[in-house]
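K.L.:
Below you'll find the structure I mean.
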Amino acid sequence: MKILVQKFGGTSVDSDEHRQLAAAKVTRAVQAGWRVVIVVSAIGRAGAPYATDTLVSTLKNVDPAVPPAPREMDLMMACGEIISTVVLAQTLRSLGHDTVALTGGQAGISTDYEFGNARILSINPSYVVRMLEQDKVVLVAGFQGVTTYGAITTLGRGGSDTTASALGAALKPHASEVAVEIYTDVDGVKTADPRLVPDARTLATATYEEVSEMAHQGAKVVHPRAAEIANQYRIPLWVKSTFEDKPGTLIAAGEDLSEAIRLRVTGVTHTGRIVYIRWEVPSESEQDRGQIELELYRMLEREGIPIHLTSTGGNAFSFAVAREHLPRLRDLLDGLVIPVDLTPRRKPPFGRLYLLGMGGDQMAFQAQRALLENTTHMVELHTMEAEVLENCTMVSIIAARFKGVPGVMAMILETLAKAGVPVYQTADSQYSISVLVPEADTQKAARALHDVFDLGHEAAAAAVAEA
Amino acid sequence: MAPYQQSGIGGSVSFERERGVTEVQVMRGLAHVTAQFAPETLADDRLALLQALAGAGVSVFLVKLHPCAISFAVRADAVDPCEALLQKRGVPYGLLRDLGLVTTLAGAMRDLSGVMARIYEALVSADISVRQTGDAYNAVLLLVAGAQTDRAAEALRTAFSLTSAEGAETGPREGVGLEAL
């Protein structure tokens, strides 16, 4: 049998009208001879009665001083998907489909015990297969699974995409053909955010790696976990609009697509609300710099603050954090004293103290300095005031193959210079080049890069990459 | 360790990557260049240098911008043309040869806190200095002295409880997170 997994996002099931449109997609697939498995997200977005955020608030508001237990929080959050699954099942039943609605656990999805961000360990699809063999349309609540001991877990960000992709992989051995369709409110994967770049184009095809990179660099497309699973099991993944009858984007393996696609520049993405912090160590000692970095990174680890865009070398180092972490970071680092090489010796200095400032009013920094100035007969006192760039965005060019193509970074910097966009830092990886720019220049940067790589025209984008 | 396993048709299927760091890779024969510029002409000068390098067919990576400089890495076969170009243009520069790139791979680095702390703990304990760092969503890249490359990789494998089999040696033209620009 041919099995099609269709995943409908929250906006696809948030009204009777939208559910009818979703149901029409199901009916068409059934008429085309597919056995259909539907994965459903919670109804609507923040503010809607059964949206995940609303359910979370309901629980937290019981007593804001007492945080809910992670296990109970997952139980609550899973309700949103269960409700939408049953409602869509009933919609389909009213249209004459024979349906069965299942929780993630009932569909055989087993996870580990990390509540709120569980990982799928295994799927036993035998019940789903049996229902499909009985010509039922099977609806599965997305974003959830169950532990060995029966506790309901949720899969974290992109959970319903992950459920759809994983079910496709689990059902593949039972099907002559399997495909996964992700239905959303846009008509496919775009070359840029159309709110910023009006001539952004919908890609006809993309590789798993391109889509995964785009998602990691800020594009709101298929979640990378879903793309990764589809890639591993070679499941064709489609991104389509619930509200339009357009072909959408086919995501497949690079070797299954044309050479031009494998070589092209795919798109421009952006991820905002970044703070970039640079420190200069007032000492030529690389050992001191390493010690200071270590102490800072340990502190960030304890606080659960992830960093990226790291750079080090000579007597300086820098990194970026999400802006939401800046107040905590200021609390932690302003006035922090890092001792280096503090050991008993016959005569002073007995080591070095590095006092950190974080910009702003630096109250802790000033207070500490006043105190520590009394110790300079015993230790060397160095001050390090951070350069803090608060309102930054990372704009990225996604390109599958830059190997052996000198000049891409020059082209990006030249383009941004002509557009009057300052670049604070760059980062390059296997599939992308990123530049850190002022948040206010996000649109200017995205448009300029979209234009220079001619991403509005499919053939041209590939030609630019090859040139 | 394979990130995915399938137990066979009809049985249960395992899907997702392990959390955390999964692999440490090594690449040798690299050089690191830092070119200095006057602050008032910095943006123009570093762009002109990148364009000249591109014109000379020199691929660069791990490009980093500094207040008065630009730094980047090149492969061994590009060191001489790169140095000749810098000298021809009269750009003050520093050049470190014979470096190794040690790459720590994780599924979703940006969602993890503490990877950098553990990397630095391992390297500081092993008395290894880092010449440059870079990162992608799935990797942290560290440029270290060639003679320290193996020790750095081993220290990281130990820190993340990986076996040597999970740290592949990559040739000068391979390597995750490393593409010439």
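Letters A, B, ... go to the chains of the structure tokens in the order shown; residues in each chain start at 1; ligands are counted from 1 in the same order.
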Mind checking DSSP for range 94-171 of chain A and telling me the strand (DSSP E) residues as a ChimeraX atom specification?
P.N.:
/A:99-102,109-111,120-123,137-141,144-146,152-154
K.L.:
Residues within 12 Å of Thr58 in chain A, please, as a compact mmCIF listing (two decimals) with N, CA and C atoms, in the first residue's frame. Count only C-alpha atoms; anything in the same chain fewer than 3 positions from it doesn't count.
P.N.:
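And here's around.txt as it stands now:
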# COMPACT_ATOMS: atom_id res chain seq x y z
N GLY A 47 -2.81 32.42 22.65
CA GLY A 47 -4.06 33.14 22.86
C GLY A 47 -5.28 32.29 22.53
N PRO A 49 -7.77 29.16 22.66
CA PRO A 49 -8.11 28.46 23.91
C PRO A 49 -7.29 27.18 24.17
N TYR A 50 -6.98 26.42 23.13
CA TYR A 50 -6.27 25.16 23.36
C TYR A 50 -4.86 25.16 22.76
N ALA A 51 -4.36 26.36 22.45
CA ALA A 51 -2.97 26.46 21.96
C ALA A 51 -2.02 26.08 23.10
N THR A 52 -0.86 25.59 22.74
CA THR A 52 0.10 25.12 23.75
C THR A 52 0.41 26.21 24.77
N ASP A 53 0.66 27.44 24.27
CA ASP A 53 1.01 28.54 25.19
C ASP A 53 -0.11 28.80 26.19
N THR A 54 -1.37 28.70 25.71
CA THR A 54 -2.52 28.95 26.60
C THR A 54 -2.57 27.88 27.69
N LEU A 55 -2.34 26.65 27.31
CA LEU A 55 -2.39 25.55 28.29
C LEU A 55 -1.28 25.72 29.33
N ASN A 61 -0.49 29.74 35.98
CA ASN A 61 -1.27 30.75 36.70
C ASN A 61 -1.96 30.21 37.96
N VAL A 62 -1.94 28.91 38.14
CA VAL A 62 -2.53 28.35 39.37
C VAL A 62 -1.85 28.97 40.58
N ASP A 63 -0.53 29.03 40.52
CA ASP A 63 0.24 29.74 41.54
C ASP A 63 1.60 30.07 40.92
N PRO A 64 1.79 31.31 40.47
CA PRO A 64 3.03 31.66 39.78
C PRO A 64 4.28 31.38 40.61
N PRO A 67 6.37 26.49 40.40
CA PRO A 67 6.45 26.03 39.02
C PRO A 67 5.87 24.61 38.88
N PRO A 68 5.14 24.34 37.80
CA PRO A 68 4.58 23.00 37.62
C PRO A 68 5.69 21.96 37.43
N MET A 73 3.51 19.22 33.37
CA MET A 73 3.50 20.22 32.30
C MET A 73 3.36 19.52 30.94
N MET A 76 -0.13 18.33 30.43
CA MET A 76 -1.00 19.45 30.06
C MET A 76 -0.79 19.83 28.60
N MET A 77 0.47 20.00 28.21
CA MET A 77 0.76 20.47 26.84
C MET A 77 0.27 19.47 25.80
K.L.:
Skip Thr148 in chain A itself and residues of its chain fewer than 6 positions away, then list as an MDAnalysis selection string all residues within 10 Å of it, counting only C-alpha atoms.
P.N.:
chainID A and resid 105 110:113
K.L.:
Might you pull out every residue within 12 Å of Lys347 in chain A, with only C-alpha atoms counted and same-chain residues fewer than 4 positions away left off, and present them as a CSV table (one decimal) with C-alpha atoms, in the first residue's frame?
P.N.:
chain,number,residue,atom,x,y,z
A,343,THR,CA,50.0,31.3,44.2
A,351,GLY,CA,49.2,36.6,40.9
A,377,HIS,CA,50.7,45.9,46.4
A,378,MET,CA,50.1,42.2,46.5
A,379,VAL,CA,48.5,41.3,43.1
K.L.:
Any idea what the distance is between CA of Arg157 in chain B and CA of Phe72 in chain B?
P.N.:
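Taking CA of Arg157 in chain B and CA of Phe72 in chain B, their separation equals 26.1 Å.
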K.L.:
How many Å lie between CA of Gly360 in chain A and CA of Met384 in chain A, rounded to one decimal?
P.N.:
13.8 Å
K.L.:
What's the 8 Å shell around Ala78 in chain A, counting only C-alpha atoms, without same-chain residues fewer than 4 positions away, as a list of chain:residue names?
P.N.:
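Listed by chain and then number, they are A:Asp74, A:Ile82, A:Phe143, A:Gln144, A:Ile152, A:Thr153, A:Thr154.
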K.L.:
At most 8 Å is the cut-off: for each residue in range 117-150 of chain A with any atom that close to an atom of range 24-42 of chain A, write down the nearest atom pair and the distance in Å rounded to one decimal, counting only C-alpha atoms, chain first then increasing number, as a Markdown table.
P.N.:
| residue | atom | partner | partner_atom | distance |
| --- | --- | --- | --- | --- |
| A:Leu132 | CA | A:Arg35 | CA | 6.2 |
| A:Asp135 | CA | A:Arg35 | CA | 7.0 |
| A:Lys136 | CA | A:Arg35 | CA | 7.8 |
| A:Val137 | CA | A:Val36 | CA | 5.4 |
| A:Val138 | CA | A:Val37 | CA | 4.8 |
| A:Leu139 | CA | A:Ile38 | CA | 4.5 |
| A:Val140 | CA | A:Val39 | CA | 4.9 |
| A:Ala141 | CA | A:Val40 | CA | 5.4 |
| A:Gly142 | CA | A:Val40 | CA | 5.3 |
| A:Phe143 | CA | A:Ser41 | CA | 7.2 |
K.L.:
Can you tell me, as number ranges by chain, which residues in range 35-84 of chain A count as alpha helix (DSSP H) by DSSP?
P.N.:
A: 52-60, 70-84
K.L.:
Write the residues of the selection above to a file with N, CA and C atoms, as a short mmCIF file (atom, residue, chain, number, x, y, z; two decimals), in the first residue's frame.
P.N.:
data_model
loop_
_atom_site.label_atom_id
_atom_site.label_comp_id
_atom_site.auth_asym_id
_atom_site.auth_seq_id
_atom_site.Cartn_x
_atom_site.Cartn_y
_atom_site.Cartn_z
N THR A 52 -0.86 25.59 22.74
CA THR A 52 0.10 25.12 23.75
C THR A 52 0.41 26.21 24.77
N ASP A 53 0.66 27.44 24.27
CA ASP A 53 1.01 28.54 25.19
C ASP A 53 -0.11 28.80 26.19
N THR A 54 -1.37 28.70 25.71
CA THR A 54 -2.52 28.95 26.60
C THR A 54 -2.57 27.88 27.69
N LEU A 55 -2.34 26.65 27.31
CA LEU A 55 -2.39 25.55 28.29
C LEU A 55 -1.28 25.72 29.33
N VAL A 56 -0.11 26.12 28.85
CA VAL A 56 1.02 26.33 29.77
C VAL A 56 0.67 27.45 30.76
N SER A 57 0.10 28.54 30.24
CA SER A 57 -0.26 29.67 31.12
C SER A 57 -1.29 29.24 32.16
N THR A 58 -2.27 28.45 31.73
CA THR A 58 -3.31 27.99 32.65
C THR A 58 -2.68 27.29 33.85
N LEU A 59 -1.72 26.45 33.57
CA LEU A 59 -1.09 25.69 34.66
C LEU A 59 -0.21 26.60 35.53
N LYS A 60 0.55 27.47 34.85
CA LYS A 60 1.46 28.36 35.61
C LYS A 60 0.68 29.34 36.46
N PRO A 70 7.69 19.13 35.62
CA PRO A 70 7.84 18.90 34.18
C PRO A 70 6.91 17.80 33.66
N ARG A 71 6.72 16.75 34.47
CA ARG A 71 5.87 15.64 34.03
C ARG A 71 4.43 16.12 33.82
N GLU A 72 3.94 16.91 34.78
CA GLU A 72 2.56 17.41 34.66
C GLU A 72 2.45 18.46 33.55
N MET A 73 3.51 19.22 33.37
CA MET A 73 3.50 20.22 32.30
C MET A 73 3.36 19.52 30.94
N ASP A 74 4.08 18.42 30.77
CA ASP A 74 3.97 17.69 29.50
C ASP A 74 2.57 17.09 29.32
N LEU A 75 2.02 16.60 30.41
CA LEU A 75 0.66 16.05 30.35
C LEU A 75 -0.31 17.13 29.89
N MET A 76 -0.13 18.33 30.43
CA MET A 76 -1.00 19.45 30.06
C MET A 76 -0.79 19.83 28.60
N MET A 77 0.47 20.00 28.21
CA MET A 77 0.76 20.47 26.84
C MET A 77 0.27 19.47 25.80
N ALA A 78 0.37 18.19 26.13
CA ALA A 78 -0.05 17.16 25.16
C ALA A 78 -1.55 17.24 24.86
N CYS A 79 -2.31 17.84 25.79
CA CYS A 79 -3.77 17.92 25.60
C CYS A 79 -4.13 18.72 24.34
N GLY A 80 -3.35 19.76 24.03
CA GLY A 80 -3.67 20.60 22.88
C GLY A 80 -3.72 19.80 21.59
N GLU A 81 -2.73 18.95 21.40
CA GLU A 81 -2.67 18.13 20.18
C GLU A 81 -3.76 17.06 20.19
N ILE A 82 -4.04 16.52 21.38
CA ILE A 82 -5.08 15.48 21.46
C ILE A 82 -6.44 16.08 21.07
N ILE A 83 -6.72 17.27 21.59
CA ILE A 83 -8.00 17.92 21.27
C ILE A 83 -8.11 18.18 19.76
N SER A 84 -7.06 18.75 19.17
CA SER A 84 -7.15 19.08 17.74
C SER A 84 -7.24 17.81 16.89
#
K.L.:
For Phe37 in chain B, please output as a list in words all residues within 12 Å (counting only C-alpha atoms; exclusion window: fewer than 4 positions along the same chain).
P.N.:
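Close residues of Phe37 in chain B: Thr41, Leu42, Ala43, Asp44, Asp45, Arg46, Leu47, Ala48, Leu49, Leu65, His66, Pro67, Cys68, Ala69, Ile70, Ser71, Leu86, Arg89, Gly90, Val91, Pro92 and Tyr93 of chain B.
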K.L.:
Taking only C-alpha atoms into account, name the residue in B:Ala76, B:Ala147, B:Ala153, B:Gln51 that is nearest to chain A.
P.N.:
B:Gln51
K.L.:
Find the spatial neighbours of Asp77 in chain B, counting only C-alpha atoms, within a cut-off of 10 Å - ignore same-chain residues fewer than 5 positions away - and output them as a PyMOL selection string.
P.N.:
chain B and resi 29-31+58+82+172
K.L.:
Give the answer as one residue: which of A:Gln362, A:Ser12, A:Ser165, A:Thr99 has the shortest atom-to-atom distance to Gln134 in chain A, using only C-alpha atoms?
P.N.:
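Nearest to Gln134 in chain A: A:Thr99.
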K.L.:
Which is closest to Leu95 in chain B among B:Ile119, B:Ala35, B:Ala54, B:Met27, if we use only C-alpha atoms?
P.N.:
B:Ala35
